[in-house]
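Please read the structure below before turning to the comments.
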Amino acid sequence: MNIQLICSDIDGTLLNKDRELSIATIEQIKRLSHIPFILISSRMPKAMTHLQGQLGIKNLALIAYNGGLVLENETVVDSTEISTSIIDKLHKTILNTELHFSLYHANEWYVPELDYWAKREANNTKVDPEIQAIDVTIANWKKEDKGAHKIMIMGDAEDIDRVVEIIKDQFDSEIIGYRSKDTYLEIAPKSISKKTAIEVLLNSHYPKLALENVVAFGDNYNDIEMLKAVGVGVAVSNAIEEVLEVSSTVTDTNKNDGVAKFLRDFL
């Protein structure tokens with residue numbers, strides 16, 4: 001293996017049962033400090049930088065929002081957003097439901113109220129949202145000429161099923177929804193993915209490298225394209241079946257330091 005770049009998903013892959021970096025994981029990544037280690041996640045940047053600090057990689061780029069935002073030292077390398085017109089249309093389709101609707105742009109996270117879902121996500125990511133009506137956020141973003149890097153919809157699984165169908169019927173060419181859990185739907189621009197973001201990073205920072213020089217770790221639907229494209233795509237054994245099927249190899253679960261074990265044994 002001629003591996004010269006490591007990319008890893010965070011939730012369900014790199015973090016342990018307490019949603020933290022284990023000592024073993026930190027040790028292995030620091031041991032391989034000569035190989036750039038890139039965090040690549042659906043999270044917002046603010047929910048990733050504290051992990052970069054623990055790993056000693058704050059000098060490296062990070063890929064947030066499933067590839068929608070690539071940053072290096074808070075400088076934007078690449079950005080793709082969902083337009084306010086699509087946000088508005090999608091929001092109106094769920095107005096009379098109990099579904100939670102969050103909007104993200106860079107390090108901004110807006111929720112209409114601090115409900116069960118907002119509190120749960122804040123606890124998971126260690127970032128607190130700003131409370132603001134969705135209509136107000138949309139209006140402000142129109143004035144500022146910006147959109148959403150991610151829309152998060154959370155709630156009852158059957159209600160989420162209906163939103164998935166709405167996206168397929170009305171917005172299929174523009175946005176895509178990733179089901180991280182039955183009750184979580186993360187919506188991103190359809191033109192981007194973790195794979196496209198790695199390609200952007202290779203072109204901008206590592207022009208002598210190709211996808212075949214990359215090892216990537218993942219566990220869920222939004223990791224599939226990335227794991228199929230890189231030189232070595234590694235699934236943690238707790239990954240969904242679709243990820244296990246497309247990966248080059250499988251390591252232990254995230255709870256049992258699967259990423260650390262692969263790095264120890266093969267790099």
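Residues in the structure tokens are numbered from 1 in each chain, the chains being A, B, ... in the order shown, and ligands are numbered from 1 in the order shown.
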Sel. of strand (DSSP E or B) residues, stretch 27-209 of chain A, as number ranges by chain: A: 37-40, 62-64, 69-72, 75-79, 82, 100-105, 108-111, 130-131, 148, 150-154, 175-181, 184-189
Where does stretch 173-207 of chain A meet stretch 8-26 of chain A within 12 Å, residue by residue, with the nearest atom pair and distance in Å to one decimal for each, counting only C-alpha atoms, listed by chain and rising number, as a Markdown table?
| residue | atom | partner | partner_atom | distance |
| --- | --- | --- | --- | --- |
| A:Ser180 | CA | A:Asp11 | CA | 9.5 |
| A:Lys181 | CA | A:Gly12 | CA | 10.9 |
| A:Lys194 | CA | A:Asp9 | CA | 9.3 |
| A:Lys195 | CA | A:Ser8 | CA | 11.8 |
| A:Ile198 | CA | A:Ser8 | CA | 11.0 |
File dump, residues just selected, C-alpha atoms, as an mmCIF file, in the first residue's frame:
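Output (out16.cif):
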data_model
loop_
_atom_site.group_PDB
_atom_site.id
_atom_site.type_symbol
_atom_site.label_atom_id
_atom_site.label_comp_id
_atom_site.auth_asym_id
_atom_site.auth_seq_id
_atom_site.Cartn_x
_atom_site.Cartn_y
_atom_site.Cartn_z
ATOM 1 C CA SER A 180 -27.561 8.555 9.394
ATOM 2 C CA LYS A 181 -30.264 6.995 11.626
ATOM 3 C CA LYS A 194 -16.990 13.006 0.525
ATOM 4 C CA LYS A 195 -15.325 11.673 -2.624
ATOM 5 C CA ILE A 198 -11.171 14.560 -1.283
#
Length of the atom CA of A:Ala148 to atom CA of A:His205 vector [Å]: 25.3 Å
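Remark: for A:Asp128, the closest of the candidate residues A:Leu95, A:Val259, A:Ala239, A:Ala47 is A:Ala47 (distances computed over only C-alpha atoms).
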Test item: residues at most 12 Å from A:Glu199, only C-alpha atoms, excluding those fewer than 2 positions along its chain, as a ChimeraX atom specification: /A:5,7,63,67,70,77-78,192-197,201-214,226,229-230
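Nearest to A:Lys228 of all the residues A:Ile240, A:Leu39, A:Val246, A:Leu90 is A:Val246, based on only C-alpha atoms.
Straight-line separation from atom CA of A:Lys261 to atom CA of A:Met1: 16.3 Å.
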Long-range neighbours of A:Gln132 as number ranges by chain, 8 Å cut-off, only C-alpha atoms, 4 positions minimum in chain: A: 110-113, 136-137
Shortest interatomic distance to A:Asn73 - which of A:Ser102, A:Asn59, A:Ser247, A:Gln52, counting only C-alpha atoms: A:Asn59
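Considering the residues A:Ala133, A:Ile94, A:Ile138, A:Ala64 and counting only C-alpha atoms, A:Val163 has its shortest atom-to-atom contact with A:Ile94.
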Selected residue of minimal separation from A:Ile187 among A:Lys146, A:Arg43, A:Lys92, A:Arg120, counting only C-alpha atoms: A:Arg43
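Between atom CA of A:Glu108 and atom CA of A:Lys89 there is a distance of 20.7 Å.
Nearest to A:Val236 of all the residues A:Asn222, A:Asn256, A:Asn107, A:Thr183 is A:Asn256, counting only C-alpha atoms.
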Surrounding residues of A:Tyr116 excluding itself and chain neighbours under 3 positions, 10 Å, only C-alpha atoms, as a ChimeraX atom specification: /A:100,113,119-122,154-155
Take the residues just selected and output them with N, CA and C atoms as a CSV table (one decimal), in the first residue's frame.
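Generated file (part_32.csv):
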chain,number,residue,atom,x,y,z
A,100,HIS,N,-38.3,18.2,13.4
A,100,HIS,CA,-37.3,19.3,13.7
A,100,HIS,C,-36.6,19.6,12.4
A,113,GLU,N,-36.3,26.2,17.9
A,113,GLU,CA,-36.5,26.1,19.4
A,113,GLU,C,-35.5,25.1,19.9
A,119,LYS,N,-31.4,19.6,21.6
A,119,LYS,CA,-30.6,19.3,22.8
A,119,LYS,C,-29.7,18.0,22.6
A,120,ARG,N,-30.3,17.0,21.9
A,120,ARG,CA,-29.6,15.8,21.7
A,120,ARG,C,-28.4,16.0,20.8
A,121,GLU,N,-28.6,16.7,19.7
A,121,GLU,CA,-27.5,17.0,18.8
A,121,GLU,C,-26.5,17.8,19.4
A,122,ALA,N,-26.8,18.8,20.2
A,122,ALA,CA,-25.9,19.6,20.9
A,122,ALA,C,-25.0,18.8,21.8
A,154,MET,N,-35.0,16.0,11.8
A,154,MET,CA,-35.0,14.9,12.8
A,154,MET,C,-36.4,14.7,13.3
A,155,GLY,N,-36.8,13.4,13.6
A,155,GLY,CA,-38.1,13.2,14.2
A,155,GLY,C,-38.5,11.7,13.9
